[in-house]
file structure_31.cif (mmCIF, C-alpha atoms)
data_data
loop_
_atom_site.label_atom_id
_atom_site.label_comp_id
_atom_site.auth_asym_id
_atom_site.auth_seq_id
_atom_site.Cartn_x
_atom_site.Cartn_y
_atom_site.Cartn_z
CA MET A 109 7.58 -9.61 -19.95
CA LEU A 110 7.71 -5.97 -20.70
CA ALA A 111 5.45 -5.82 -23.68
CA ALA A 112 2.80 -7.82 -21.94
CA VAL A 113 1.66 -5.08 -19.60
CA PRO A 114 -1.81 -4.11 -20.72
CA LEU A 115 -2.11 -0.50 -21.55
CA ALA A 116 -4.81 2.01 -21.88
CA VAL A 117 -5.22 4.19 -24.86
CA ALA A 118 -5.73 7.85 -25.11
CA ALA A 119 -9.04 9.45 -24.63
CA GLY A 120 -9.77 13.06 -24.35
CA CYS A 121 -6.34 14.53 -24.61
CA ALA A 122 -5.80 17.62 -26.64
CA SER A 123 -5.43 15.54 -29.73
CA PRO A 124 -7.15 12.28 -29.05
CA VAL A 125 -4.77 9.66 -30.27
CA ALA A 126 -5.53 6.02 -30.26
CA THR A 127 -2.43 4.14 -29.47
CA GLY A 128 -1.14 0.69 -29.90
CA GLN A 129 -2.64 -0.95 -26.90
CA PRO A 130 -1.35 -4.50 -26.87
CA ALA A 131 -4.65 -5.59 -25.50
CA ALA A 132 -6.65 -3.84 -28.16
CA GLY A 133 -5.62 -6.03 -31.01
CA GLY A 134 -5.56 -3.01 -33.24
CA THR A 135 -2.81 -0.85 -34.44
CA SER A 136 -2.28 2.80 -33.79
CA GLY A 137 -5.35 4.85 -34.42
CA ALA A 138 -5.88 5.72 -38.03
CA LYS A 139 -8.22 5.04 -40.85
CA GLY A 140 -8.16 1.49 -42.02
CA THR A 141 -7.20 -0.02 -38.70
CA GLU A 142 -9.27 -2.52 -36.79
CA VAL A 143 -9.93 -3.30 -33.17
CA THR A 144 -10.62 -6.98 -32.86
CA VAL A 145 -12.69 -8.65 -30.18
CA THR A 146 -12.44 -12.40 -30.27
CA THR A 147 -12.84 -15.43 -28.01
CA ARG A 148 -10.46 -17.74 -26.24
CA SER A 149 -10.68 -20.48 -23.67
CA LEU A 150 -8.84 -19.31 -20.56
CA PRO A 151 -7.89 -21.38 -17.53
CA GLY A 152 -10.52 -21.26 -14.84
CA VAL A 153 -13.13 -19.34 -16.78
CA GLY A 154 -13.64 -21.18 -20.08
CA THR A 155 -14.40 -19.41 -23.33
CA VAL A 156 -14.60 -15.65 -22.90
CA LEU A 157 -14.08 -12.46 -24.85
CA VAL A 158 -10.50 -11.37 -25.38
CA THR A 159 -8.70 -8.75 -27.37
CA GLY A 160 -7.07 -9.58 -30.65
CA LYS A 161 -3.88 -10.25 -28.72
CA GLY A 162 -5.53 -12.55 -26.25
CA TYR A 163 -6.01 -10.32 -23.20
CA ALA A 164 -9.19 -10.99 -21.24
CA LEU A 165 -11.93 -8.39 -21.51
CA TYR A 166 -14.02 -7.44 -18.50
CA MET A 167 -17.28 -5.69 -17.76
CA PHE A 168 -17.82 -3.42 -14.76
CA GLU A 169 -21.14 -3.85 -12.97
CA PRO A 170 -21.70 -0.15 -12.23
CA ASP A 171 -21.65 0.55 -15.96
CA ARG A 172 -25.09 -1.10 -16.08
CA ARG A 173 -24.73 -1.61 -19.82
CA ARG A 174 -25.30 2.10 -20.21
CA ALA A 175 -22.14 4.13 -19.83
CA VAL A 176 -18.43 4.11 -19.09
CA THR A 177 -18.12 4.78 -15.37
CA CYS A 178 -14.58 3.57 -14.70
CA THR A 179 -12.66 6.79 -15.08
CA GLY A 180 -9.80 8.56 -13.36
CA VAL A 181 -7.70 6.29 -11.17
CA CYS A 182 -9.96 3.34 -11.94
CA ALA A 183 -8.92 3.47 -15.59
CA GLY A 184 -5.30 3.17 -14.51
CA THR A 185 -6.07 -0.31 -13.21
CA TRP A 186 -8.70 -1.19 -15.81
CA PRO A 187 -7.69 0.36 -19.13
CA PRO A 188 -10.75 0.61 -21.36
CA LEU A 189 -10.65 -0.91 -24.82
CA MET A 190 -10.75 2.18 -26.97
CA LEU A 191 -12.00 2.47 -30.50
CA PRO A 192 -9.63 4.84 -32.24
CA ALA A 193 -11.13 7.46 -34.49
CA GLY A 194 -11.45 6.02 -37.96
CA ALA A 195 -10.88 2.46 -36.82
CA ALA A 196 -13.31 -0.37 -37.44
CA LEU A 197 -14.53 -3.04 -35.08
CA ALA A 198 -13.81 -6.62 -36.07
CA ALA A 199 -15.53 -9.70 -34.67
CA GLY A 200 -13.27 -12.72 -34.30
CA PRO A 201 -14.45 -16.33 -34.26
CA GLY A 202 -17.26 -16.86 -31.77
CA VAL A 203 -18.03 -13.18 -31.38
CA LYS A 204 -21.44 -11.88 -32.42
CA ALA A 205 -20.78 -8.85 -34.57
CA SER A 206 -24.27 -7.60 -33.79
CA LEU A 207 -23.33 -7.20 -30.13
CA LEU A 208 -20.28 -5.05 -30.82
CA GLY A 209 -20.60 -1.32 -30.47
CA SER A 210 -19.04 1.66 -28.76
CA ASP A 211 -19.92 4.21 -26.13
CA PRO A 212 -18.55 7.70 -25.70
CA ALA A 213 -15.75 7.91 -23.19
CA PRO A 214 -16.23 10.65 -20.60
CA GLY A 215 -12.88 12.19 -21.47
CA GLY A 216 -13.30 11.87 -25.21
CA GLY A 217 -13.05 9.10 -27.75
CA ARG A 218 -15.07 5.92 -27.69
CA VAL A 219 -14.91 2.69 -25.72
CA VAL A 220 -15.74 -0.63 -27.36
CA THR A 221 -18.88 -2.29 -26.00
CA TYR A 222 -20.34 -5.79 -26.24
CA GLY A 223 -24.01 -6.27 -25.63
CA GLY A 224 -23.96 -2.77 -24.19
CA TRP A 225 -21.17 -3.46 -21.71
CA PRO A 226 -18.11 -1.20 -22.04
CA LEU A 227 -15.03 -3.43 -22.24
CA TYR A 228 -11.87 -3.12 -20.16
CA THR A 229 -8.59 -4.94 -19.76
CA TYR A 230 -6.85 -5.48 -16.41
CA THR A 231 -3.32 -4.50 -15.50
CA GLY A 232 -2.99 -7.64 -13.42
CA ASP A 233 -3.17 -9.71 -16.60
CA VAL A 234 0.47 -9.33 -17.56
CA GLU A 235 0.31 -11.92 -20.30
CA PRO A 236 -2.34 -12.96 -22.80
CA GLY A 237 -4.49 -15.84 -21.69
CA GLN A 238 -4.95 -14.75 -18.09
CA ALA A 239 -8.11 -13.65 -16.29
CA THR A 240 -6.78 -12.63 -12.91
CA GLY A 241 -9.35 -9.88 -12.54
CA GLN A 242 -12.31 -12.24 -12.70
CA ALA A 243 -14.84 -11.64 -9.91
CA ILE A 244 -12.70 -8.97 -8.27
CA ASP A 245 -14.54 -6.28 -6.34
CA LEU A 246 -12.57 -3.11 -6.89
CA ASN A 247 -13.01 0.56 -7.70
CA GLY A 248 -16.63 0.60 -6.71
CA GLY A 249 -17.97 -2.59 -8.21
CA GLU A 250 -17.38 -6.09 -9.43
CA TRP A 251 -15.57 -7.11 -12.57
CA TYR A 252 -16.36 -10.12 -14.70
CA VAL A 253 -15.23 -11.60 -17.94
CA LEU A 254 -17.90 -12.01 -20.59
CA ARG A 255 -19.17 -15.06 -22.42
CA PRO A 256 -19.50 -14.77 -26.20
CA SER A 257 -23.25 -14.50 -25.57
CA GLY A 258 -22.59 -11.21 -23.81
CA THR A 259 -23.38 -12.64 -20.38
CA PRO A 260 -21.01 -11.76 -17.54
CA LEU A 261 -19.45 -14.80 -15.87
CA GLU A 262 -20.84 -14.15 -12.41
CA PRO A 263 -20.32 -16.81 -9.77
CA GLY A 264 -23.26 -19.04 -9.10
CA PRO A 265 -25.27 -18.93 -5.87
CA MET B 176 -2.30 26.13 -8.48
CA THR B 177 -0.43 28.84 -10.30
CA ALA B 178 0.01 28.11 -13.96
CA PRO B 179 3.55 27.94 -15.23
CA PRO B 180 4.47 31.06 -17.18
CA SER B 181 4.76 29.10 -20.37
CA ARG B 182 1.24 27.74 -20.16
CA PRO B 183 -1.08 29.34 -22.67
CA ALA B 184 -4.06 31.09 -21.20
CA GLY B 185 -7.05 28.85 -20.95
CA VAL B 186 -5.10 25.64 -21.26
CA GLY B 187 -5.59 23.56 -18.17
CA ARG B 188 -3.22 21.26 -16.42
CA ARG B 189 -4.82 18.20 -17.82
CA VAL B 190 -4.19 19.27 -21.36
CA ILE B 191 -0.62 20.14 -20.54
CA LEU B 192 -0.13 16.73 -19.01
CA CYS B 193 -1.72 14.96 -21.91
CA GLY B 194 0.53 16.79 -24.30
CA GLY B 195 3.52 15.98 -22.22
CA LEU B 196 2.65 12.37 -21.88
CA LEU B 197 1.63 11.76 -25.43
CA GLY B 198 4.00 14.05 -27.14
CA GLY B 199 7.07 13.48 -25.06
CA GLY B 200 9.77 11.26 -26.37
CA LEU B 201 9.92 9.31 -23.18
CA VAL B 202 6.53 7.78 -23.39
CA ALA B 203 5.79 6.79 -26.88
CA GLY B 204 2.60 4.96 -27.48
CA ALA B 205 0.31 3.43 -25.04
CA ALA B 206 2.31 3.99 -21.92
CA GLY B 207 1.71 7.68 -22.01
CA ALA B 208 -1.78 7.22 -23.21
CA SER B 209 -2.64 5.23 -20.15
CA ALA B 210 -1.93 8.21 -18.00
CA GLY B 211 -3.70 10.35 -20.54
CA TRP B 212 -6.84 8.42 -20.01
CA ALA B 213 -6.58 8.59 -16.28
CA LEU B 214 -5.95 12.29 -16.47
CA THR B 215 -8.92 13.05 -18.59
CA GLY B 216 -11.36 10.26 -18.08
CA SER B 217 -13.71 11.93 -15.68
CA ALA B 218 -17.10 13.22 -16.55
CA ASP B 219 -16.84 15.69 -13.70
CA PRO B 220 -13.81 17.89 -13.58
CA ALA B 221 -11.86 17.57 -10.40
CA PRO B 222 -12.15 20.60 -8.17
CA ALA B 223 -9.21 22.92 -8.25
CA SER B 224 -6.83 22.48 -5.39
CA ALA B 225 -6.08 25.36 -3.11
CA SER B 226 -2.47 24.44 -2.57
CA PRO B 227 0.24 22.90 -4.66
CA GLY B 228 0.35 19.15 -4.54
CA ILE B 229 3.26 17.37 -3.00
CA PRO B 230 5.59 15.60 -5.42
CA PRO B 231 3.98 12.45 -6.77
CA ASP B 232 6.65 10.13 -5.39
CA ASP B 233 6.29 11.70 -1.94
CA ASP B 234 2.54 11.29 -2.22
CA LEU B 235 2.89 7.61 -3.10
CA MET B 236 5.39 7.04 -0.31
CA ARG B 237 3.19 8.58 2.35
CA GLU B 238 0.46 6.25 1.15
CA HIS B 239 2.98 3.47 1.63
CA GLY B 240 3.18 4.67 5.21
CA VAL B 241 -0.50 3.86 5.64
CA LEU B 242 0.13 0.48 4.05
CA LYS B 243 3.03 -0.18 6.44
CA ARG B 244 0.83 0.53 9.41
CA VAL B 245 -1.84 -1.86 8.18
CA LEU B 246 0.87 -4.47 7.71
CA LEU B 247 1.84 -3.91 11.34
CA CYS B 248 -1.77 -4.51 12.33
CA TYR B 249 -1.94 -7.64 10.18
CA ARG B 250 1.26 -8.92 11.80
CA GLU B 251 -0.15 -8.37 15.28
CA MET B 252 -3.46 -10.01 14.38
CA THR B 253 -1.66 -12.97 12.84
CA SER B 254 0.42 -13.45 15.98
CA ARG B 255 -2.67 -13.33 18.17
CA ILE B 256 -4.54 -15.85 16.06
CA GLN B 257 -1.56 -18.19 15.97
CA ALA B 258 -1.27 -17.89 19.75
CA GLY B 259 -4.94 -18.75 20.16
CA GLY B 260 -5.90 -15.23 21.14
CA GLN B 261 -8.79 -13.08 20.09
CA VAL B 262 -8.93 -10.66 17.19
CA GLY B 263 -11.93 -8.47 16.60
CA ALA B 264 -13.62 -9.21 13.30
CA ALA B 265 -14.50 -5.55 12.89
CA ASP B 266 -10.87 -4.48 13.27
CA LEU B 267 -9.64 -7.03 10.77
CA HIS B 268 -12.39 -6.08 8.36
CA ASP B 269 -11.62 -2.39 8.71
CA ALA B 270 -7.90 -2.95 8.17
CA ALA B 271 -8.66 -4.90 5.01
CA LEU B 272 -11.09 -2.21 3.91
CA ILE B 273 -8.38 0.45 4.20
CA ILE B 274 -6.24 -1.69 1.91
CA HIS B 275 -9.14 -2.28 -0.47
CA ASP B 276 -10.35 1.29 -0.74
CA TYR B 277 -7.23 3.38 -0.33
CA ILE B 278 -4.29 1.19 -1.34
CA GLU B 279 -5.74 -1.12 -3.97
CA GLY B 280 -8.52 1.13 -5.20
CA PHE B 281 -6.54 4.36 -5.33
CA HIS B 282 -2.80 4.20 -4.64
CA GLU B 283 -2.19 1.24 -6.91
CA GLY B 284 -4.34 2.80 -9.61
CA LEU B 285 -2.00 5.80 -9.59
CA GLU B 286 0.97 3.48 -9.93
CA GLU B 287 -0.67 1.48 -12.69
CA GLY B 288 -1.95 4.49 -14.58
CA PHE B 289 0.89 6.93 -14.20
CA VAL B 290 4.08 5.36 -12.89
CA PHE B 291 4.47 1.88 -14.33
CA PRO B 292 3.64 2.78 -17.95
CA ARG B 293 6.49 5.30 -17.93
CA LEU B 294 8.97 2.59 -17.01
CA ARG B 295 7.96 -0.12 -19.42
CA LYS B 296 10.76 0.67 -21.79
CA ASP B 297 13.45 0.87 -19.14
CA PRO B 298 15.16 -2.53 -19.24
CA ALA B 299 16.56 -1.96 -15.76
CA VAL B 300 13.12 -1.99 -14.15
CA ALA B 301 10.70 -3.45 -16.68
CA GLY B 302 10.82 -6.91 -15.15
CA THR B 303 10.26 -5.46 -11.72
CA VAL B 304 7.22 -3.56 -12.98
CA THR B 305 5.68 -6.77 -14.26
CA THR B 306 6.27 -8.45 -10.90
CA LEU B 307 4.71 -5.50 -9.08
CA LEU B 308 1.62 -5.72 -11.29
CA VAL B 309 1.27 -9.43 -10.57
CA GLN B 310 1.64 -8.72 -6.87
CA HIS B 311 -1.07 -6.06 -6.98
CA ALA B 312 -3.38 -8.65 -8.50
CA ARG B 313 -2.50 -11.30 -5.93
CA GLY B 314 -2.90 -8.85 -3.10
CA ARG B 315 -6.40 -7.99 -4.26
CA VAL B 316 -7.34 -11.67 -4.14
CA LEU B 317 -6.04 -11.94 -0.58
CA THR B 318 -7.92 -8.81 0.42
CA GLN B 319 -11.15 -10.15 -1.04
CA PHE B 320 -10.71 -13.25 1.08
CA LEU B 321 -10.02 -11.23 4.22
CA LEU B 322 -13.05 -8.99 3.64
CA ALA B 323 -15.30 -11.98 3.05
CA GLN B 324 -14.11 -14.01 6.03
CA ALA B 325 -13.51 -11.33 8.64
CA THR B 326 -16.82 -11.94 10.36
CA ALA B 327 -17.79 -12.88 13.88
CA GLY B 328 -18.51 -16.38 12.65
CA GLY B 329 -15.21 -16.62 10.84
CA MET B 330 -13.29 -15.52 13.89
CA ASN B 331 -14.92 -18.32 15.87
CA SER B 332 -14.02 -21.00 13.37
CA GLY B 333 -10.65 -22.61 13.85
CA GLY B 334 -10.25 -23.39 10.18
CA THR B 335 -11.18 -19.89 9.08
CA ARG B 336 -8.90 -18.31 11.67
CA THR B 337 -6.01 -20.36 10.33
CA GLN B 338 -6.81 -19.29 6.78
CA LEU B 339 -7.13 -15.65 7.79
CA ALA B 340 -3.77 -15.77 9.53
CA ALA B 341 -2.20 -17.39 6.49
CA ALA B 342 -3.70 -14.77 4.18
CA MET B 343 -2.46 -11.90 6.33
CA GLN B 344 0.95 -13.49 6.63
CA ALA B 345 1.20 -13.90 2.87
CA PHE B 346 0.07 -10.32 2.34
CA VAL B 347 2.68 -8.94 4.74
CA ARG B 348 5.40 -11.15 3.31
CA MET B 349 4.66 -9.89 -0.20
CA TYR B 350 4.06 -6.21 0.49
CA GLU B 351 7.03 -5.46 2.70
CA PRO B 352 9.55 -6.09 -0.08
CA HIS B 353 7.06 -4.80 -2.66
CA GLU B 354 6.76 -1.33 -1.24
CA ALA B 355 10.45 -1.19 -0.33
CA ARG B 356 11.37 -1.90 -3.93
CA GLU B 357 8.97 0.76 -5.16
CA ASP B 358 10.36 3.35 -2.76
CA THR B 359 13.99 2.65 -3.54
CA VAL B 360 13.96 1.66 -7.21
CA ILE B 361 10.71 2.39 -9.02
CA PHE B 362 9.90 5.86 -7.74
CA PRO B 363 13.47 7.14 -8.21
CA ALA B 364 13.40 5.76 -11.75
CA PHE B 365 10.05 7.46 -12.32
CA ARG B 366 11.46 10.76 -11.11
CA ARG B 367 14.40 10.41 -13.49
CA VAL B 368 12.28 9.93 -16.61
CA VAL B 369 9.61 12.57 -16.06
CA PRO B 370 10.48 16.18 -16.89
CA ALA B 371 10.50 18.47 -13.87
CA GLN B 372 7.48 20.60 -14.74
CA GLU B 373 5.43 17.59 -15.68
CA PHE B 374 6.50 15.92 -12.46
CA ALA B 375 5.27 18.88 -10.46
CA ASP B 376 1.99 18.95 -12.38
CA LEU B 377 1.52 15.24 -11.73
CA GLY B 378 1.78 15.84 -8.01
CA GLN B 379 -1.01 18.35 -8.28
CA HIS B 380 -3.02 16.02 -10.42
CA PHE B 381 -2.65 13.16 -7.96
CA ALA B 382 -4.11 15.47 -5.34
CA ASP B 383 -6.97 16.38 -7.67
CA LEU B 384 -7.70 12.73 -8.38
CA GLU B 385 -7.77 12.02 -4.66
CA ARG B 386 -10.36 14.73 -4.17
CA GLN B 387 -12.29 13.46 -7.16
CA GLN B 388 -12.41 9.95 -5.72
CA PHE B 389 -12.88 10.66 -2.02
CA GLY B 390 -14.18 14.21 -1.97
CA HIS B 391 -11.14 15.38 0.01
CA ASP B 392 -7.54 14.53 0.83
CA GLU B 393 -8.05 11.02 2.20
CA PHE B 394 -4.58 10.58 3.66
CA GLY B 395 -5.35 12.15 7.04
CA PRO B 396 -8.59 10.24 7.61
CA MET B 397 -6.84 6.99 6.64
CA VAL B 398 -4.04 7.65 9.11
CA ASP B 399 -6.64 8.26 11.80
CA ARG B 400 -8.44 5.05 10.93
CA VAL B 401 -5.37 2.87 11.06
CA ALA B 402 -4.29 4.57 14.28
CA GLY B 403 -7.62 3.61 15.79
CA ILE B 404 -7.04 -0.02 14.90
CA GLU B 405 -3.55 0.17 16.37
CA ARG B 406 -4.96 1.58 19.61
CA ARG B 407 -7.51 -1.20 19.90
CA LEU B 408 -4.75 -3.73 19.28
CA GLY B 409 -2.54 -2.04 21.85
CA ILE B 410 0.24 -1.32 19.37
CA TYR B 411 -0.22 2.41 18.92
CA ASP B 412 2.28 3.54 21.55
CA LEU B 413 5.48 3.81 19.57
CA SER B 414 7.70 3.59 22.65
CA GLN B 415 6.78 -0.06 23.16
CA PHE B 416 8.91 -0.92 20.14
CA THR B 417 12.02 0.67 21.60
CA PRO B 418 14.38 -2.06 22.76
CA GLU B 419 16.13 -2.03 26.10
CA VAL B 420 19.83 -2.05 25.44
CA GLY B 421 22.61 -2.44 27.90
CA PRO B 422 26.26 -2.18 27.11
CA PHE B 423 26.46 -3.37 23.55
CA SER B 424 28.66 -6.33 22.92
CA PRO B 425 28.83 -7.48 19.28
CA SER B 426 30.05 -10.89 20.32
CA ALA B 427 27.27 -11.46 22.82
#

call {"tool": "encode", "arguments": {"input": "structure_31.cif", "output": "structure tokens"}}
result
Amino acid sequence: MLAAVPLAVAAGCASPVATGQPAAGGTSGAKGTEVTVTTRSLPGVGTVLVTGKGYALYMFEPDRRRAVTCTGVCAGTWPPLMLPAGAALAAGPGVKASLLGSDPAPGGGRVVTYGGWPLYTYTGDVEPGQATGQAIDLNGGEWYVLRPSGTPLEPGP
Amino acid sequence: MTAPPSRPAGVGRRVILCGGLLGGGLVAGAAGASAGWALTGSADPAPASASPGIPPDDDLMREHGVLKRVLLCYREMTSRIQAGGQVGAADLHDAALIIHDYIEGFHEGLEEGFVFPRLRKDPAVAGTVTTLLVQHARGRVLTQFLLAQATAGGMNSGGTRTQLAAAMQAFVRMYEPHEAREDTVIFPAFRRVVPAQEFADLGQHFADLERQQFGHDEFGPMVDRVAGIERRLGIYDLSQFTPEVGPFSPSA
């Protein structure tokens, strides 16, 4: 489905423009808009964080809960969930609003965080409700979906 | 790279590309923005290139050449395993690592960040783009399996050898038509929708991103690496693939 391809949003272009990322759950960047992070039970992983449109959200281990490190080509595969200028963050059911935040993106703009983890979508999730990037080692580190507690869903020993 | 005459002084390529991608009528919304992020999302500016980049579709297709050669290695390894022969764990692991680092971790990121978003609104190829994205994801799962199991122990286990052969076979079966479709349908469509100057700038930017990620143009070293695997497998000599043909008889 064409519209299902997750998309990144702008960061750091001449005129930073937040765009209508299907995965972001928000509308085009402007005052009064919201970026929603919510929860959903997905096959194989259980209840995890998703965008307002139901796309799984991932954390990247090398970010270390400190900074956005997936940039350049990496961000082509893992589009970060951007917080458009003037937009508000909204916590959906099951999400702890206190854990929501944002970090500066290296190229400009801000990336939504949860419990300090910058959040990303995955281009391999072509429809809402998928988590095909779970536990993938790619672009210099491992990727995991996040529980509503903010804990990455890392495989057990 | 020499700046186009129309480029204002002090305005770098990345800004030009962002403007083109975000402001152009061809890539409204997020599709262009995806590339915008990839173009600008680095804390460290990519070093300037000394020479003009090759066109982006040529760049992607030469990377497909590396992929094709790994597929050839996978095919040979699969045949050997199925025939009860030996395959070096290190060679299999290195072949999978080339796929992981260069194809999945770089080449496909270029496609996902720059090429596919531009084609989302083209009804002639949109469905194909979705399939290609799904195949990228499935390929990464197969590669993870190969990297995890390509060990000395794994190569001595009958069950693991069977699974490794099946994974390589599935990977080859998927990626041969995958890359052929990209070369013949997706990249030509990409070239059609991107304005000429922006297309040229993208080629340069692909080269810059390669240097940013690997510290240099990684194509040559990757070719050398896969050639080394081919040599160890005994499939490097191209002449061995030339068939003997006698008088050709179509009805024979």

call {"tool": "atom_distance", "arguments": {"input": "structure_31.cif", "atom1": "CA of Ala340 in chain B", "atom2": "CA of Gln310 in chain B"}}
result
18.7 Å

call {"tool": "resolve_selection", "arguments": {"input": "structure_31.cif", "expression": "the PyMOL selection byres ((chain A and resi 173) around 6)", "output": "PyMOL selection string"}}
result
chain A and resi 171-172+174+224-225

call {"tool": "atom_distance", "arguments": {"input": "structure_31.cif", "atom1": "CA of Gly258 in chain A", "atom2": "CA of Leu150 in chain A"}}
result
16.3 Å

call {"tool": "residues_around", "arguments": {"input": "structure_31.cif", "residues": "range 354-357 of chain B", "least_positions_apart": "3", "cutoff": "9 Å", "atoms": "all atoms listed in the file", "output": "JSON, numbers by chain"}}
result
{"B": [236, 239, 242, 243, 303, 307, 349, 350, 351, 360, 361, 362, 363]}

call {"tool": "residues_around", "arguments": {"input": "structure_31.cif", "residues": "Glu262 in chain A", "least_positions_apart": "6", "cutoff": "9 Å", "atoms": "all atoms listed in the file", "output": "VMD selection string"}}
result
chain A and resid 242 to 243 251 to 254

call {"tool": "closest_residue", "arguments": {"input": "structure_31.cif", "among": "B:Leu285, B:Leu246, B:Gly240, B:Pro230", "to": "Glu405 in chain B", "atoms": "all atoms listed in the file"}}
result
B:Leu246

call {"tool": "closest_residue", "arguments": {"input": "structure_31.cif", "among": "B:Met330, B:Met397, B:Ala345, B:Ala299", "to": "chain A", "atoms": "all atoms listed in the file"}}
result
B:Ala299

call {"tool": "residues_near_point", "arguments": {"input": "structure_31.cif", "point": "(-12.9, -5.5, 14.3)", "cutoff": "12 Å", "atoms": "all atoms listed in the file", "output": "ChimeraX atom specification"}}
result
/B:248-249,252,261-272,321-322,324-327,329-330,400-401,403-408

call {"tool": "closest_residue", "arguments": {"input": "structure_31.cif", "among": "A:Pro214, A:Gly162, A:Gly154, A:Gly248", "to": "Gln388 in chain B", "atoms": "all atoms listed in the file"}}
result
A:Gly248

call {"tool": "resolve_selection", "arguments": {"input": "structure_31.cif", "expression": "the PyMOL selection byres ((chain A and resi 209) around 12)", "output": "VMD selection string"}}
result
chain A and resid 143 to 145 173 to 174 189 to 191 196 to 199 204 to 208 210 to 212 218 to 227
